[in-house]
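Student: Below is one structure. I have some questions about it.
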Amino acid sequence: MLIESDYFKNIFNTVREPILILDGNLKVLSANQSFFNIFKVDSANTIGTYLYDLGNGQWNVPALRVLLEDILPKKTSVENFTIEHNFESIGQKAMLLNACKITEKTIGQPIILLAIEDITERKRMEVLLADENTAERIWLVELLMKSEERYRRIFETANDGIVLLEKSEGTIAHVNPATEKMLGYTKHESIGKKLQDIGISLDTSDMPTIIQALDKSGIINYKDVPIKTKSGQHIDADIYMVNKAELAQCNIRDVSDQKKAEEDRDLLISELDIKNRELEQILYAATHDLKTPLVNINGYTGEVKKSIEGIVNLIETADISSEIRKEITSLTKELPDSFGFISTSVSHMDILLNGFLQFSRSGSVELKKEDIDMNMLINEISGNLNYKLKDAGASIEVTDLPGCNGDRKQISMVFSNLMENAVKYLDPARKGEIKVTGYEEGDSSVYCVEDNGIGIALEHQKQIFHIFHQLDPAKGGEGLGLMIVQRIVERHGGKVWLESEAGKGSRFFVELPGVMLTSSPS
Ligand code: ADP
């Protein structure tokens, strides 16, 4: 949303006049820092509050109601609307209001920008100027000089470039030292020229249209404007133009370093991405290759075991001395345990290798997306789980599920992992109940795999999605499943989260894109 972008916020909070952004019902969507400072209120008591309720109802001003309820609905903007009111927080004030309606696509309804200028002092001066009294007039001139001095100081010391444009032709009336430093053109070289003459590629040939737009919106933002400095260097700048009484003020921020940092970061991310993919391919190949020796170890161990058992049987009936028999018995005594260890290690390694294979596939395999009939898919998975469910004495209930769009194999991996976990982490102290439910939410489908098992304490809920994180390694598994689940779901543009309490069971939620109806459900 525009009003949430950093760029907008920076501008919004730099503007010295208080600004409120209201929704169509006059609730405050946003207020800039200046509003908080000047009206001595904080964000918590302002954002989301109905304008007329702000600060003990101090904004419930009849003239303001006329502006917002009678005049503005018939127009897109209202300028220089004066209200005078005794504000509870800051006393009697005269305020000049500029209001305009903006259609913000992401909100879907017009929002109201209300810029507020405190003109109490100006009003007082007007009264004084009308006065014949010369002493007051002298005092007034001094006051104006002081205000001018304040503005000059800001102008001279600002880090951003400031260029003042004469409104009718768009010629440069003044530039601050930061502009001279940034562009390399002196004040004298710049004054009287157009922005393009000093390297700023911003077309100001049609000033009346620009001023019209400025009058409407108060600020115009130009992002990533290319600038060529006097020495030929290229920089990128964000420029925002605001309306000042006689002039248009352009604030120029050099964002070249920021842009370069962003480009470097993007490059680094894409390089890392490539490296990650390469690593995944290596992992896949290595895991795949390790499977063959593992199968061999398993097979040959079985044969060795059989041969040794045969030898032991032979020796039992053979005509050998009791010492040798004793010796052989002692040598073969540990063998059943050793074969047991080999077999457990081989099956653990097999599980681990399968996990690595799934893991490397989950990140690098190209997604073949289609609409998926989730009732069918979950039924297949629970069919495969039948044996484990029986073993655990557990039941599974599946309600009618909405379809989703994704890679069938990968989505199947997600739910197999979650449903296998649901069985694996049941509580032996009570009858296991597993439930798979789902509902549609906007363009997405949300599924929930629920169990009444051992549950997960709050402090572990984040870590269980990390690689190799297991709360009870004795339960088997390899601590890869949930990481794979998260990876696949995120690659589909979805998200996964969980609600659980130790001892009470878990609910794993998966949000995925809903069906697109572009292909027939599988
Ligand atoms: P694995 O189950 O292979 O250990 P996972 O990544 O699938 O690896 O899960 C990580 C850890 O999260 C598990 O070791 C277990 O401690 C916990 N866990 C996962 N699912 C559940 C569940 N439904 N109920 C309780 N604990 C769970």
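Every chain in the structure tokens takes a letter, A first, then B, and so on in the order presented; its residues are numbered from 1, and the ligands are numbered from 1 following the presented order.
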Which neighbours of Ile454 of chain A fall inside 7 Å, counting only C-alpha atoms, when residues of the same chain fewer than 5 positions from it are skipped, and could you give them as JSON, numbers by chain?

Tutor: {"A": [425, 426, 427, 502, 503, 504, 505]}

Student: Write the residues of the selection above to a file with N, CA and C atoms, as a PDB file, in the first residue's frame.

Tutor:
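Once written, part31.pdb looks like this:
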```
ATOM      1  N   TYR A 425       3.496 -38.731  16.304  1.00  0.00           N
ATOM      2  CA  TYR A 425       3.559 -38.024  17.590  1.00  0.00           C
ATOM      3  C   TYR A 425       2.240 -38.078  18.358  1.00  0.00           C
ATOM      4  N   LEU A 426       1.513 -39.194  18.182  1.00  0.00           N
ATOM      5  CA  LEU A 426       0.301 -39.392  18.989  1.00  0.00           C
ATOM      6  C   LEU A 426       0.707 -39.729  20.422  1.00  0.00           C
ATOM      7  N   ASP A 427      -0.215 -39.532  21.332  1.00  0.00           N
ATOM      8  CA  ASP A 427       0.061 -39.820  22.740  1.00  0.00           C
ATOM      9  C   ASP A 427      -0.446 -41.238  23.043  1.00  0.00           C
ATOM     10  N   ALA A 502       1.692 -28.243  24.505  1.00  0.00           N
ATOM     11  CA  ALA A 502       2.279 -29.506  24.954  1.00  0.00           C
ATOM     12  C   ALA A 502       1.209 -30.336  25.673  1.00  0.00           C
ATOM     13  N   GLY A 503       1.107 -31.606  25.301  1.00  0.00           N
ATOM     14  CA  GLY A 503       0.165 -32.512  25.963  1.00  0.00           C
ATOM     15  C   GLY A 503      -1.240 -32.457  25.402  1.00  0.00           C
ATOM     16  N   LYS A 504      -1.499 -31.502  24.485  1.00  0.00           N
ATOM     17  CA  LYS A 504      -2.891 -31.361  24.030  1.00  0.00           C
ATOM     18  C   LYS A 504      -3.088 -31.573  22.535  1.00  0.00           C
ATOM     19  N   GLY A 505      -2.006 -31.794  21.800  1.00  0.00           N
ATOM     20  CA  GLY A 505      -2.157 -32.009  20.359  1.00  0.00           C
ATOM     21  C   GLY A 505      -1.730 -30.794  19.546  1.00  0.00           C
TER      22      GLY A 505
END
```

Student: Using only C-alpha atoms and all ligand atoms, which residues of the polymer chains come no farther than 6 Å from ligand 1? I'd like the answer as a PyMOL selection string.

Tutor: chain A and resi 421-422+425+453-456+464+469-472+477-483+506

Student: For Asp257 of chain A, work out the shell of residues within 12 Å, counting only C-alpha atoms and skipping chain neighbours fewer than 2 positions away, then give it as a list in words.

Tutor: Asp224, His234, Ile235, Asp236, Ala237, Arg253, Asp254, Val255, Lys259, Lys260, Ala261, Glu262, Glu263, Asp264 and Arg265 of chain A

Student: Keeping only N, CA and C atoms, write those residues as a PDB file, in the first residue's frame.

Tutor:
```pdb
ATOM      1  N   ASP A 224      13.808   7.681  -8.741  1.00  0.00           N
ATOM      2  CA  ASP A 224      14.949   7.254  -9.566  1.00  0.00           C
ATOM      3  C   ASP A 224      15.168   8.159 -10.779  1.00  0.00           C
ATOM      4  N   HIS A 234      27.081   9.976 -13.282  1.00  0.00           N
ATOM      5  CA  HIS A 234      25.644   9.700 -13.255  1.00  0.00           C
ATOM      6  C   HIS A 234      25.200   9.400 -11.839  1.00  0.00           C
ATOM      7  N   ILE A 235      24.139  10.045 -11.410  1.00  0.00           N
ATOM      8  CA  ILE A 235      23.559   9.673 -10.113  1.00  0.00           C
ATOM      9  C   ILE A 235      22.052   9.499 -10.283  1.00  0.00           C
ATOM     10  N   ASP A 236      21.473   8.756  -9.348  1.00  0.00           N
ATOM     11  CA  ASP A 236      20.012   8.594  -9.338  1.00  0.00           C
ATOM     12  C   ASP A 236      19.477   9.333  -8.130  1.00  0.00           C
ATOM     13  N   ALA A 237      18.347  10.009  -8.330  1.00  0.00           N
ATOM     14  CA  ALA A 237      17.807  10.775  -7.202  1.00  0.00           C
ATOM     15  C   ALA A 237      16.305  10.567  -7.095  1.00  0.00           C
ATOM     16  N   ARG A 253      17.097  14.020  -3.391  1.00  0.00           N
ATOM     17  CA  ARG A 253      17.899  13.116  -2.541  1.00  0.00           C
ATOM     18  C   ARG A 253      18.678  12.150  -3.416  1.00  0.00           C
ATOM     19  N   ASP A 254      20.011  12.171  -3.256  1.00  0.00           N
ATOM     20  CA  ASP A 254      20.861  11.255  -4.022  1.00  0.00           C
ATOM     21  C   ASP A 254      20.668   9.833  -3.484  1.00  0.00           C
ATOM     22  N   VAL A 255      20.083   8.955  -4.316  1.00  0.00           N
ATOM     23  CA  VAL A 255      19.846   7.581  -3.853  1.00  0.00           C
ATOM     24  C   VAL A 255      20.744   6.580  -4.582  1.00  0.00           C
ATOM     25  N   LYS A 259      20.655   2.703  -4.222  1.00  0.00           N
ATOM     26  CA  LYS A 259      20.296   1.870  -5.377  1.00  0.00           C
ATOM     27  C   LYS A 259      21.363   0.832  -5.663  1.00  0.00           C
ATOM     28  N   LYS A 260      22.632   1.299  -5.540  1.00  0.00           N
ATOM     29  CA  LYS A 260      23.753   0.385  -5.797  1.00  0.00           C
ATOM     30  C   LYS A 260      23.704  -0.750  -4.768  1.00  0.00           C
ATOM     31  N   ALA A 261      23.439  -0.374  -3.494  1.00  0.00           N
ATOM     32  CA  ALA A 261      23.389  -1.396  -2.434  1.00  0.00           C
ATOM     33  C   ALA A 261      22.265  -2.389  -2.738  1.00  0.00           C
ATOM     34  N   GLU A 262      21.134  -1.855  -3.232  1.00  0.00           N
ATOM     35  CA  GLU A 262      20.004  -2.747  -3.549  1.00  0.00           C
ATOM     36  C   GLU A 262      20.364  -3.686  -4.707  1.00  0.00           C
ATOM     37  N   GLU A 263      21.045  -3.103  -5.725  1.00  0.00           N
ATOM     38  CA  GLU A 263      21.438  -3.925  -6.877  1.00  0.00           C
ATOM     39  C   GLU A 263      22.433  -4.998  -6.446  1.00  0.00           C
ATOM     40  N   ASP A 264      23.416  -4.573  -5.593  1.00  0.00           N
ATOM     41  CA  ASP A 264      24.422  -5.542  -5.107  1.00  0.00           C
ATOM     42  C   ASP A 264      23.741  -6.657  -4.341  1.00  0.00           C
ATOM     43  N   ARG A 265      22.755  -6.256  -3.497  1.00  0.00           N
ATOM     44  CA  ARG A 265      22.063  -7.250  -2.680  1.00  0.00           C
ATOM     45  C   ARG A 265      21.302  -8.234  -3.579  1.00  0.00           C
TER      46      ARG A 265
END
```

Student: With 10 Å as the cut-off and only C-alpha atoms counted, what is the closest atom pair between each nearby residue of segment 371-440 of chain A and segment 445-448 of chain A? Distances in Å to one decimal, ordered by chain and number, as CSV.

Tutor:
```
residue,atom,partner,partner_atom,distance
A:Met374,CA,A:Tyr447,CA,9.7
A:Leu401,CA,A:Tyr447,CA,7.9
A:Pro402,CA,A:Ser445,CA,6.5
A:Gly403,CA,A:Ser445,CA,7.1
A:Cys404,CA,A:Ser445,CA,6.1
A:Asn405,CA,A:Ser445,CA,9.0
A:Phe415,CA,A:Tyr447,CA,9.6
A:Leu418,CA,A:Cys448,CA,9.6
A:Lys435,CA,A:Cys448,CA,7.9
A:Val436,CA,A:Cys448,CA,5.7
A:Thr437,CA,A:Cys448,CA,5.3
A:Gly438,CA,A:Tyr447,CA,4.1
A:Tyr439,CA,A:Val446,CA,5.4
A:Glu440,CA,A:Ser445,CA,4.4
```

Student: Just the residues within 9 Å of segment 57-66 of chain A, please, counting only C-alpha atoms, with nothing from its chain fewer than 3 positions along; format it as a PDB file with N, CA, C and O atoms, in the first residue's frame.

Tutor:
```
ATOM      1  N   LEU A  51     -12.152  11.103  13.179  1.00  0.00           N
ATOM      2  CA  LEU A  51     -11.566  12.444  13.257  1.00  0.00           C
ATOM      3  C   LEU A  51     -12.213  13.295  14.343  1.00  0.00           C
ATOM      4  O   LEU A  51     -11.536  13.942  15.126  1.00  0.00           O
ATOM      5  N   TYR A  52     -13.545  13.252  14.406  1.00  0.00           N
ATOM      6  CA  TYR A  52     -14.222  14.135  15.357  1.00  0.00           C
ATOM      7  C   TYR A  52     -14.018  13.686  16.806  1.00  0.00           C
ATOM      8  O   TYR A  52     -14.319  14.417  17.736  1.00  0.00           O
ATOM      9  N   ASP A  53     -13.532  12.469  17.012  1.00  0.00           N
ATOM     10  CA  ASP A  53     -13.300  11.993  18.385  1.00  0.00           C
ATOM     11  C   ASP A  53     -11.874  12.262  18.849  1.00  0.00           C
ATOM     12  O   ASP A  53     -11.545  12.035  20.013  1.00  0.00           O
ATOM     13  N   LEU A  54     -11.011  12.723  17.923  1.00  0.00           N
ATOM     14  CA  LEU A  54      -9.599  12.914  18.271  1.00  0.00           C
ATOM     15  C   LEU A  54      -9.436  13.901  19.426  1.00  0.00           C
ATOM     16  O   LEU A  54     -10.129  14.929  19.456  1.00  0.00           O
ATOM     17  N   GLU A  69     -18.002  17.269   5.004  1.00  0.00           N
ATOM     18  CA  GLU A  69     -19.267  16.581   4.746  1.00  0.00           C
ATOM     19  C   GLU A  69     -20.089  17.230   3.637  1.00  0.00           C
ATOM     20  O   GLU A  69     -20.861  16.562   2.961  1.00  0.00           O
ATOM     21  N   ASP A  70     -19.940  18.566   3.470  1.00  0.00           N
ATOM     22  CA  ASP A  70     -20.769  19.227   2.457  1.00  0.00           C
ATOM     23  C   ASP A  70     -19.981  19.588   1.205  1.00  0.00           C
ATOM     24  O   ASP A  70     -20.422  19.362   0.087  1.00  0.00           O
ATOM     25  N   ILE A  71     -18.777  20.183   1.419  1.00  0.00           N
ATOM     26  CA  ILE A  71     -18.063  20.725   0.258  1.00  0.00           C
ATOM     27  C   ILE A  71     -17.254  19.638  -0.458  1.00  0.00           C
ATOM     28  O   ILE A  71     -17.411  19.419  -1.654  1.00  0.00           O
ATOM     29  N   LEU A  72     -16.393  18.911   0.312  1.00  0.00           N
ATOM     30  CA  LEU A  72     -15.482  17.954  -0.328  1.00  0.00           C
ATOM     31  C   LEU A  72     -16.178  16.838  -1.109  1.00  0.00           C
ATOM     32  O   LEU A  72     -15.724  16.477  -2.195  1.00  0.00           O
ATOM     33  N   PHE A  81      -9.026  26.622   2.920  1.00  0.00           N
ATOM     34  CA  PHE A  81     -10.251  26.717   3.697  1.00  0.00           C
ATOM     35  C   PHE A  81      -9.845  27.041   5.139  1.00  0.00           C
ATOM     36  O   PHE A  81      -9.100  26.297   5.762  1.00  0.00           O
ATOM     37  N   THR A  82     -10.287  28.188   5.637  1.00  0.00           N
ATOM     38  CA  THR A  82      -9.806  28.613   6.963  1.00  0.00           C
ATOM     39  C   THR A  82     -10.796  28.214   8.055  1.00  0.00           C
ATOM     40  O   THR A  82     -12.005  28.365   7.887  1.00  0.00           O
ATOM     41  N   ILE A  83     -10.244  27.679   9.140  1.00  0.00           N
ATOM     42  CA  ILE A  83     -11.096  27.468  10.316  1.00  0.00           C
ATOM     43  C   ILE A  83     -10.414  28.117  11.515  1.00  0.00           C
ATOM     44  O   ILE A  83      -9.189  28.161  11.593  1.00  0.00           O
ATOM     45  N   GLU A  84     -11.216  28.662  12.390  1.00  0.00           N
ATOM     46  CA  GLU A  84     -10.657  29.214  13.632  1.00  0.00           C
ATOM     47  C   GLU A  84     -11.321  28.471  14.767  1.00  0.00           C
ATOM     48  O   GLU A  84     -12.531  28.267  14.763  1.00  0.00           O
ATOM     49  N   HIS A  85     -10.502  28.009  15.712  1.00  0.00           N
ATOM     50  CA  HIS A  85     -11.074  27.140  16.739  1.00  0.00           C
ATOM     51  C   HIS A  85     -10.172  27.139  17.971  1.00  0.00           C
ATOM     52  O   HIS A  85      -8.961  27.298  17.861  1.00  0.00           O
ATOM     53  N   ASN A  86     -10.802  26.933  19.114  1.00  0.00           N
ATOM     54  CA  ASN A  86     -10.006  26.826  20.341  1.00  0.00           C
ATOM     55  C   ASN A  86      -9.712  25.346  20.582  1.00  0.00           C
ATOM     56  O   ASN A  86     -10.554  24.602  21.044  1.00  0.00           O
ATOM     57  N   PHE A  87      -8.503  24.924  20.195  1.00  0.00           N
ATOM     58  CA  PHE A  87      -8.116  23.516  20.349  1.00  0.00           C
ATOM     59  C   PHE A  87      -7.712  23.268  21.796  1.00  0.00           C
ATOM     60  O   PHE A  87      -6.946  24.063  22.368  1.00  0.00           O
ATOM     61  N   GLU A  88      -8.221  22.157  22.331  1.00  0.00           N
ATOM     62  CA  GLU A  88      -7.962  21.869  23.744  1.00  0.00           C
ATOM     63  C   GLU A  88      -6.461  21.776  24.023  1.00  0.00           C
ATOM     64  O   GLU A  88      -5.963  22.276  25.015  1.00  0.00           O
ATOM     65  N   SER A  89      -5.703  21.175  23.066  1.00  0.00           N
ATOM     66  CA  SER A  89      -4.278  20.941  23.349  1.00  0.00           C
ATOM     67  C   SER A  89      -3.395  22.150  23.074  1.00  0.00           C
ATOM     68  O   SER A  89      -2.350  22.296  23.699  1.00  0.00           O
ATOM     69  N   LEU A  97      -6.781  24.963   5.746  1.00  0.00           N
ATOM     70  CA  LEU A  97      -6.867  23.547   5.394  1.00  0.00           C
ATOM     71  C   LEU A  97      -6.897  23.357   3.883  1.00  0.00           C
ATOM     72  O   LEU A  97      -7.584  24.103   3.178  1.00  0.00           O
TER      73      LEU A  97
END
```

Student: Taking only segment 68-205 of chain A into account, list the residues labelled helix (DSSP H, G or I) by DSSP (computed from the backbone), as number ranges by chain.

Tutor: A: 68-74, 120-129, 134-157, 177-183, 187-190, 195-198

Student: Using only C-alpha atoms, determine which residues lie at most 7 Å from Leu29 of chain A, disregarding the query and same-chain residues fewer than 3 positions distant; provide the list as a PDB file with C-alpha atoms, in the first residue's frame.

Tutor:
```pdb
ATOM      1  CA  ILE A  21      -4.887  10.782   5.865  1.00  0.00           C
ATOM      2  CA  LEU A  22      -8.516   9.804   6.436  1.00  0.00           C
ATOM      3  CA  ASP A  23     -10.605   7.016   5.031  1.00  0.00           C
ATOM      4  CA  ILE A  47      -4.565   6.138  14.159  1.00  0.00           C
ATOM      5  CA  GLY A  48      -7.874   4.373  13.662  1.00  0.00           C
TER       6      GLY A  48
END
```

Student: Can you list every residue in segment 239-439 of chain A that DSSP puts in strand (DSSP E), as a PyMOL selection string?

Tutor: chain A and resi 239-243+247-254+369-372+395-398+404-407+433-439

Student: May I have the residues within 6 Å of segment 274-285 of chain A as number ranges by chain, using only C-alpha atoms and disregarding those fewer than 3 positions away in the same chain?

Tutor: A: 271, 288, 357, 360

Student: For the residues in that selection, give me all heavy atoms as a PDB file, in the first residue's frame.

Tutor:
```pdb
ATOM      1  N   GLU A 271      23.104 -14.850  -6.941  1.00  0.00           N
ATOM      2  CA  GLU A 271      24.285 -15.730  -6.952  1.00  0.00           C
ATOM      3  C   GLU A 271      24.123 -16.838  -5.909  1.00  0.00           C
ATOM      4  O   GLU A 271      24.424 -17.998  -6.156  1.00  0.00           O
ATOM      5  CB  GLU A 271      25.549 -14.926  -6.657  1.00  0.00           C
ATOM      6  CG  GLU A 271      26.075 -14.224  -7.896  1.00  0.00           C
ATOM      7  CD  GLU A 271      27.222 -13.277  -7.589  1.00  0.00           C
ATOM      8  OE1 GLU A 271      27.663 -13.222  -6.415  1.00  0.00           O
ATOM      9  OE2 GLU A 271      27.656 -12.596  -8.507  1.00  0.00           O
ATOM     10  N   HIS A 288      21.881 -39.930  -4.004  1.00  0.00           N
ATOM     11  CA  HIS A 288      21.471 -40.967  -4.916  1.00  0.00           C
ATOM     12  C   HIS A 288      22.553 -42.042  -4.998  1.00  0.00           C
ATOM     13  O   HIS A 288      22.276 -43.247  -4.926  1.00  0.00           O
ATOM     14  CB  HIS A 288      21.237 -40.328  -6.289  1.00  0.00           C
ATOM     15  CG  HIS A 288      20.293 -41.105  -7.106  1.00  0.00           C
ATOM     16  ND1 HIS A 288      20.718 -42.012  -8.032  1.00  0.00           N
ATOM     17  CD2 HIS A 288      18.944 -41.138  -7.109  1.00  0.00           C
ATOM     18  CE1 HIS A 288      19.668 -42.572  -8.587  1.00  0.00           C
ATOM     19  NE2 HIS A 288      18.576 -42.050  -8.050  1.00  0.00           N
ATOM     20  N   LEU A 357      16.969 -36.736  -0.243  1.00  0.00           N
ATOM     21  CA  LEU A 357      16.456 -36.761  -1.618  1.00  0.00           C
ATOM     22  C   LEU A 357      15.219 -35.880  -1.735  1.00  0.00           C
ATOM     23  O   LEU A 357      15.104 -35.064  -2.640  1.00  0.00           O
ATOM     24  CB  LEU A 357      16.104 -38.201  -2.035  1.00  0.00           C
ATOM     25  CG  LEU A 357      17.274 -39.081  -2.478  1.00  0.00           C
ATOM     26  CD1 LEU A 357      16.802 -40.493  -2.765  1.00  0.00           C
ATOM     27  CD2 LEU A 357      17.966 -38.508  -3.716  1.00  0.00           C
ATOM     28  N   SER A 360      16.310 -32.153  -1.461  1.00  0.00           N
ATOM     29  CA  SER A 360      16.910 -31.546  -2.646  1.00  0.00           C
ATOM     30  C   SER A 360      15.885 -31.404  -3.758  1.00  0.00           C
ATOM     31  O   SER A 360      15.913 -30.430  -4.500  1.00  0.00           O
ATOM     32  CB  SER A 360      18.140 -32.337  -3.105  1.00  0.00           C
ATOM     33  OG  SER A 360      17.832 -33.694  -3.173  1.00  0.00           O
TER      34      SER A 360
END
```

Student: Can you pull out every residue within 6 Å of segment 176-180 of chain A, counting only C-alpha atoms, but drop anything in the same chain fewer than 3 positions away, and send it as a list in words?

Tutor: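 Close residues of segment 176-180 of chain A: Glu156, Asn159, Gly161, Ile162, Leu183, Gly184, Tyr185 and Thr186 of chain A.
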
Student: In Å, with one decimal, what is the gap from atom CA of Pro428 of chain A to atom CA of Ala392 of chain A?

Tutor: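 Result for atom CA of Pro428 of chain A versus atom CA of Ala392 of chain A: 7.9 Å, one decimal.
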
Student: Given the choices A:Ser168, A:Asn13, A:Ser147, A:Gln486, which gets closest to Leu247 of chain A if the distance is worked out from only C-alpha atoms?

Tutor: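 With only C-alpha atoms as the atom set, the closest residue is A:Ser168.
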
Student: Between atom CA of Asn417 of chain A and atom CA of Leu512 of chain A, what is the spacing in Å?

Tutor: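 A separation of 16.0 Å between them.
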